[in-house]
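Step one of this worksheet: look at the structure below.
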Amino acid sequence: MILINKLKAALRIFLAALTAFAVLCGMMFFYRNSPLREKSRYENTDYVWEPNTFWGGMNEGVSFGVIDGQGFNNQSVVEHPDILVLGSSHTEGRNVMQGNDFTDRLNKLLGGSMTAYNMGMSGHTLYKVVQYLPVSLSIYQPAPKYVVIETDDTVLDSKAVEMSINGQVKKTAVKDNGAMAMLQKLPYIRAFYRQLDKGMLDMLLPEMKAKTQTAASDAKKDAAPDEAAYETMFAHLEKLQKESGVTFIIMYHPFEVLNGDGSLGFEDEACTAVFSQYAQKHGISFVNMTDDFAKMYAEERHVPHGFNTGEIGWGHLNDYGHAAIAERLYQTISESEGK
């Protein structure tokens, strides 16, 4: 009798845990549902998302959509785009409703006269995009007329630039088979794994985080622009631009700083000036969103980053930021086309 009671108690605990897990999976399906990673068909990104799968999120804004047939965040695949858009999660745009990211907005402004395709991918900084740039340029024949490269940082480091050019930037691991891949098909397990991958371990192990991040952060804040890094990077881009016949457009969106008096400031302005100088020297179009964002704040009191579900002026590009970028890119491309 005692054994039977213990078995019943164990069964109740198991069923309660299973019910709780099912509820968590249901919640995560809508709250933070990121598709599974897969190996990239084109190999111009570390990975792509599982094609034709639903994604959704409420942790930064409220947004939903479906990954396209090639594993990128577009409403549909563009087979031979005139404009290829590369960049990080800001470009990927899964923090705004599908159709509101700056690539889709740019397509609407172009009105069919040209087509843009978004190959932005989470974690793909300027260094990683440049590492893959030769491959990205070889995907389409003929090549796109323009390649837009998004960056949220204008601070360049010589060692990182060399690693980028030589293909040595660390790649994100793709676990698309085995037990881990199977477990990640469950929304809660997938969300938990993403949290670990994106820094939860650093929070759980603060001493390790402090050792690896604090020194690097202080060095970046205090260092003068490393002009050799800018020369190397932009000479490399100029060479690729000439060889491919493609026009590069680097689009920079600075992070804003909300000051105590209500004014708006921006990060790394000294490095941005040097970045612009070397871009001009090597014939690379540079779209600097600083003035556009300042004007938007002055006239409309909107900031380009942050959401009402989190902190304003922090995090990913919001609808206002995406809209402003699309308008500026449209103007830049229209002027280049002589319109």
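Residues in the structure tokens are named by chain (A, B, ... in the order shown) and by number from 1 within that chain; ligands are numbered from 1 in the order shown.
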Open item on the list: Report as number ranges by chain all protein, DNA and RNA residues lying within 10 Å of Ala235 in chain A, evaluated on only C-alpha atoms, omitting residues in the same chain fewer than 2 positions from it.
Closed with: A: 229-233, 237-241, 278-279, 281-284
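CA of Asn74 in chain A to CA of Leu86 in chain A spans 12.7 Å [interatomic distance, one decimal].
The interatomic distance for the pair CA of Ala298 in chain A and CA of Glu327 in chain A works out to 17.5 Å.
Interatomic distance, CA of Ser89 in chain A to CA of Gly112 in chain A: 25.4 Å.
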- [ ] Quick one: everything within 10 Å of Leu133 in chain A, counting only C-alpha atoms, minus sequence neighbours fewer than 6 positions away in the same chain. Send it as an MDAnalysis selection string.
- [x] chainID A and resid 44:45 86 127 147 149 164:165 237 240
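Closest to Leu109 in chain A among A:Phe255, A:Tyr330, A:Tyr140, A:Phe286 is A:Tyr330, based on only C-alpha atoms.
Residues surrounding Met114 in chain A within 9 Å are Pro81, Asp82, Ile83, Asn107, Leu110, Gly111, Gly112 and Ala116 of chain A [only C-alpha atoms; sequence separation below 2 positions excluded].
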- [ ] From a DSSP calculation on the backbone, collect every residue of range 18-191 of chain A in strand (DSSP E) and output the set as a list in words.
- [x] Arg32, Asn33, Arg37, Glu38, Val48, Trp49, Phe54, Trp55, Gly56, Gly57, Ser63, Phe64, Gly65, Val66, Ile83, Leu84, Val85, Leu86, Ala116, Tyr117, Asn118, Tyr146, Val147, Val148, Ile149, Glu150 and Thr151 of chain A
Selection: 8 Å around Ile250 in chain A, only C-alpha atoms, excl. self and same-chain fewer than 2 positions, as a PDB file with all heavy atoms, in the first residue's frame:
ATOM      1  N   VAL A 148      23.794  46.811 -49.746  1.00  0.00           N
ATOM      2  CA  VAL A 148      23.682  47.646 -48.546  1.00  0.00           C
ATOM      3  C   VAL A 148      24.215  46.851 -47.363  1.00  0.00           C
ATOM      4  O   VAL A 148      23.799  45.709 -47.132  1.00  0.00           O
ATOM      5  CB  VAL A 148      22.217  48.056 -48.288  1.00  0.00           C
ATOM      6  CG1 VAL A 148      22.104  48.830 -46.967  1.00  0.00           C
ATOM      7  CG2 VAL A 148      21.681  48.891 -49.446  1.00  0.00           C
ATOM      8  N   ILE A 149      25.159  47.444 -46.630  1.00  0.00           N
ATOM      9  CA  ILE A 149      25.749  46.796 -45.456  1.00  0.00           C
ATOM     10  C   ILE A 149      25.403  47.629 -44.225  1.00  0.00           C
ATOM     11  O   ILE A 149      25.810  48.777 -44.114  1.00  0.00           O
ATOM     12  CB  ILE A 149      27.282  46.672 -45.592  1.00  0.00           C
ATOM     13  CG1 ILE A 149      27.656  45.872 -46.851  1.00  0.00           C
ATOM     14  CG2 ILE A 149      27.876  46.033 -44.345  1.00  0.00           C
ATOM     15  CD1 ILE A 149      29.140  45.889 -47.166  1.00  0.00           C
ATOM     16  N   GLU A 150      24.645  47.041 -43.325  1.00  0.00           N
ATOM     17  CA  GLU A 150      24.243  47.752 -42.097  1.00  0.00           C
ATOM     18  C   GLU A 150      25.277  47.558 -41.000  1.00  0.00           C
ATOM     19  O   GLU A 150      25.843  46.464 -40.850  1.00  0.00           O
ATOM     20  CB  GLU A 150      22.882  47.223 -41.633  1.00  0.00           C
ATOM     21  CG  GLU A 150      22.479  47.667 -40.223  1.00  0.00           C
ATOM     22  CD  GLU A 150      22.761  46.599 -39.156  1.00  0.00           C
ATOM     23  OE1 GLU A 150      22.639  45.396 -39.461  1.00  0.00           O
ATOM     24  OE2 GLU A 150      23.117  46.979 -38.019  1.00  0.00           O
ATOM     25  N   THR A 151      25.535  48.613 -40.231  1.00  0.00           N
ATOM     26  CA  THR A 151      26.375  48.498 -39.047  1.00  0.00           C
ATOM     27  C   THR A 151      25.862  49.441 -37.976  1.00  0.00           C
ATOM     28  O   THR A 151      25.350  50.524 -38.275  1.00  0.00           O
ATOM     29  CB  THR A 151      27.854  48.804 -39.361  1.00  0.00           C
ATOM     30  OG1 THR A 151      28.643  48.614 -38.171  1.00  0.00           O
ATOM     31  CG2 THR A 151      28.052  50.230 -39.856  1.00  0.00           C
ATOM     32  N   PHE A 248      28.694  49.564 -53.219  1.00  0.00           N
ATOM     33  CA  PHE A 248      28.479  49.313 -51.795  1.00  0.00           C
ATOM     34  C   PHE A 248      27.910  50.561 -51.129  1.00  0.00           C
ATOM     35  O   PHE A 248      28.366  51.679 -51.389  1.00  0.00           O
ATOM     36  CB  PHE A 248      29.787  48.941 -51.094  1.00  0.00           C
ATOM     37  CG  PHE A 248      30.391  47.636 -51.554  1.00  0.00           C
ATOM     38  CD1 PHE A 248      31.736  47.369 -51.353  1.00  0.00           C
ATOM     39  CD2 PHE A 248      29.626  46.656 -52.163  1.00  0.00           C
ATOM     40  CE1 PHE A 248      32.313  46.177 -51.762  1.00  0.00           C
ATOM     41  CE2 PHE A 248      30.176  45.453 -52.575  1.00  0.00           C
ATOM     42  CZ  PHE A 248      31.529  45.221 -52.379  1.00  0.00           C
ATOM     43  N   TYR A 252      24.941  53.287 -41.482  1.00  0.00           N
ATOM     44  CA  TYR A 252      25.269  53.301 -40.050  1.00  0.00           C
ATOM     45  C   TYR A 252      24.132  53.914 -39.261  1.00  0.00           C
ATOM     46  O   TYR A 252      23.686  55.030 -39.537  1.00  0.00           O
ATOM     47  CB  TYR A 252      26.551  54.106 -39.835  1.00  0.00           C
ATOM     48  CG  TYR A 252      26.843  54.458 -38.388  1.00  0.00           C
ATOM     49  CD1 TYR A 252      27.002  53.470 -37.426  1.00  0.00           C
ATOM     50  CD2 TYR A 252      26.972  55.795 -37.996  1.00  0.00           C
ATOM     51  CE1 TYR A 252      27.271  53.795 -36.098  1.00  0.00           C
ATOM     52  CE2 TYR A 252      27.261  56.129 -36.672  1.00  0.00           C
ATOM     53  CZ  TYR A 252      27.398  55.124 -35.727  1.00  0.00           C
ATOM     54  OH  TYR A 252      27.670  55.451 -34.414  1.00  0.00           O
ATOM     55  N   ILE A 284      33.483  54.556 -51.181  1.00  0.00           N
ATOM     56  CA  ILE A 284      32.401  53.738 -50.636  1.00  0.00           C
ATOM     57  C   ILE A 284      31.310  54.674 -50.112  1.00  0.00           C
ATOM     58  O   ILE A 284      31.576  55.557 -49.300  1.00  0.00           O
ATOM     59  CB  ILE A 284      32.893  52.830 -49.482  1.00  0.00           C
ATOM     60  CG1 ILE A 284      34.081  51.972 -49.931  1.00  0.00           C
ATOM     61  CG2 ILE A 284      31.745  51.970 -48.973  1.00  0.00           C
ATOM     62  CD1 ILE A 284      33.799  51.013 -51.055  1.00  0.00           C
ATOM     63  N   SER A 285      30.100  54.488 -50.595  1.00  0.00           N
ATOM     64  CA  SER A 285      28.982  55.318 -50.144  1.00  0.00           C
ATOM     65  C   SER A 285      28.685  55.051 -48.669  1.00  0.00           C
ATOM     66  O   SER A 285      28.576  53.888 -48.254  1.00  0.00           O
ATOM     67  CB  SER A 285      27.744  55.024 -50.991  1.00  0.00           C
ATOM     68  OG  SER A 285      26.650  55.804 -50.565  1.00  0.00           O
ATOM     69  N   PHE A 286      28.569  56.125 -47.900  1.00  0.00           N
ATOM     70  CA  PHE A 286      28.337  55.992 -46.457  1.00  0.00           C
ATOM     71  C   PHE A 286      27.081  56.760 -46.082  1.00  0.00           C
ATOM     72  O   PHE A 286      27.013  57.982 -46.235  1.00  0.00           O
ATOM     73  CB  PHE A 286      29.545  56.524 -45.685  1.00  0.00           C
ATOM     74  CG  PHE A 286      29.394  56.465 -44.179  1.00  0.00           C
ATOM     75  CD1 PHE A 286      28.989  55.301 -43.545  1.00  0.00           C
ATOM     76  CD2 PHE A 286      29.673  57.580 -43.398  1.00  0.00           C
ATOM     77  CE1 PHE A 286      28.862  55.238 -42.160  1.00  0.00           C
ATOM     78  CE2 PHE A 286      29.558  57.531 -42.013  1.00  0.00           C
ATOM     79  CZ  PHE A 286      29.146  56.361 -41.393  1.00  0.00           C
ATOM     80  N   VAL A 287      26.088  56.033 -45.626  1.00  0.00           N
ATOM     81  CA  VAL A 287      24.835  56.638 -45.164  1.00  0.00           C
ATOM     82  C   VAL A 287      24.873  56.673 -43.644  1.00  0.00           C
ATOM     83  O   VAL A 287      24.777  55.635 -42.982  1.00  0.00           O
ATOM     84  CB  VAL A 287      23.617  55.833 -45.654  1.00  0.00           C
ATOM     85  CG1 VAL A 287      22.341  56.335 -44.995  1.00  0.00           C
ATOM     86  CG2 VAL A 287      23.501  55.920 -47.171  1.00  0.00           C
TER      87      VAL A 287
END
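Proximity to Gly310 in chain A was assessed for A:Met296, A:Met289, A:Ile67, A:Val62 counting only C-alpha atoms; the smallest distance is recorded for A:Val62.
For the set A:Glu311, A:Asp152, A:Asp268, A:Glu337, the residue with the smallest atom-to-atom gap to Glu60 in chain A is A:Glu311, counting only C-alpha atoms.
For the residues A:Ser76, A:Ser336, A:Ser34, A:Gln98, ranking by smallest atom-to-atom distance to Tyr117 in chain A using only C-alpha atoms places A:Ser76 first.
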Open item on the list: Restricting the calculation to only C-alpha atoms: of A:Glu38, A:Asp319, A:Glu43, A:Glu50, which residue gets closest to Gly99 in chain A?
Closed with: A:Asp319
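Proximity of A:Asn318, A:Gln70, A:Gln331, A:Asn95 to Trp49 in chain A, computed with only C-alpha atoms, is greatest for A:Gln70.
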Task: Contacts of Asn118 in chain A at 10 Å (only C-alpha atoms; same-chain gap of 2+ positions) as an NGL selection string - done: :A and (72-75 or 77-78 or 81 or 83-87 or 91-93 or 101-104 or 116 or 120-121 or 148)
TODO: Excluding Leu317 in chain A and residues on its chain fewer than 5 positions from it, collect all residues at most 7 Å away from it, counting only C-alpha atoms, and give them as a VMD selection string.
DONE: chain A and resid 90 304 to 306 322
Convert the current residue selection to file output with N, CA, C and O atoms, as a PDB file, in the first residue's frame.
ATOM      1  N   HIS A  90      19.471  43.820 -36.548  1.00  0.00           N
ATOM      2  CA  HIS A  90      18.773  45.069 -36.865  1.00  0.00           C
ATOM      3  C   HIS A  90      18.237  45.017 -38.290  1.00  0.00           C
ATOM      4  O   HIS A  90      17.114  45.454 -38.571  1.00  0.00           O
ATOM      5  N   PRO A 304      14.977  56.039 -32.514  1.00  0.00           N
ATOM      6  CA  PRO A 304      15.015  54.926 -33.465  1.00  0.00           C
ATOM      7  C   PRO A 304      15.155  53.539 -32.863  1.00  0.00           C
ATOM      8  O   PRO A 304      14.939  52.548 -33.552  1.00  0.00           O
ATOM      9  N   HIS A 305      15.535  53.458 -31.595  1.00  0.00           N
ATOM     10  CA  HIS A 305      15.720  52.156 -30.955  1.00  0.00           C
ATOM     11  C   HIS A 305      14.815  52.058 -29.724  1.00  0.00           C
ATOM     12  O   HIS A 305      14.526  53.061 -29.069  1.00  0.00           O
ATOM     13  N   GLY A 306      14.411  50.852 -29.409  1.00  0.00           N
ATOM     14  CA  GLY A 306      13.636  50.629 -28.189  1.00  0.00           C
ATOM     15  C   GLY A 306      12.145  50.483 -28.461  1.00  0.00           C
ATOM     16  O   GLY A 306      11.630  50.947 -29.480  1.00  0.00           O
ATOM     17  N   HIS A 322      13.369  51.952 -38.528  1.00  0.00           N
ATOM     18  CA  HIS A 322      13.311  51.272 -39.826  1.00  0.00           C
ATOM     19  C   HIS A 322      12.755  52.199 -40.911  1.00  0.00           C
ATOM     20  O   HIS A 322      13.260  52.222 -42.042  1.00  0.00           O
TER      21      HIS A 322
END
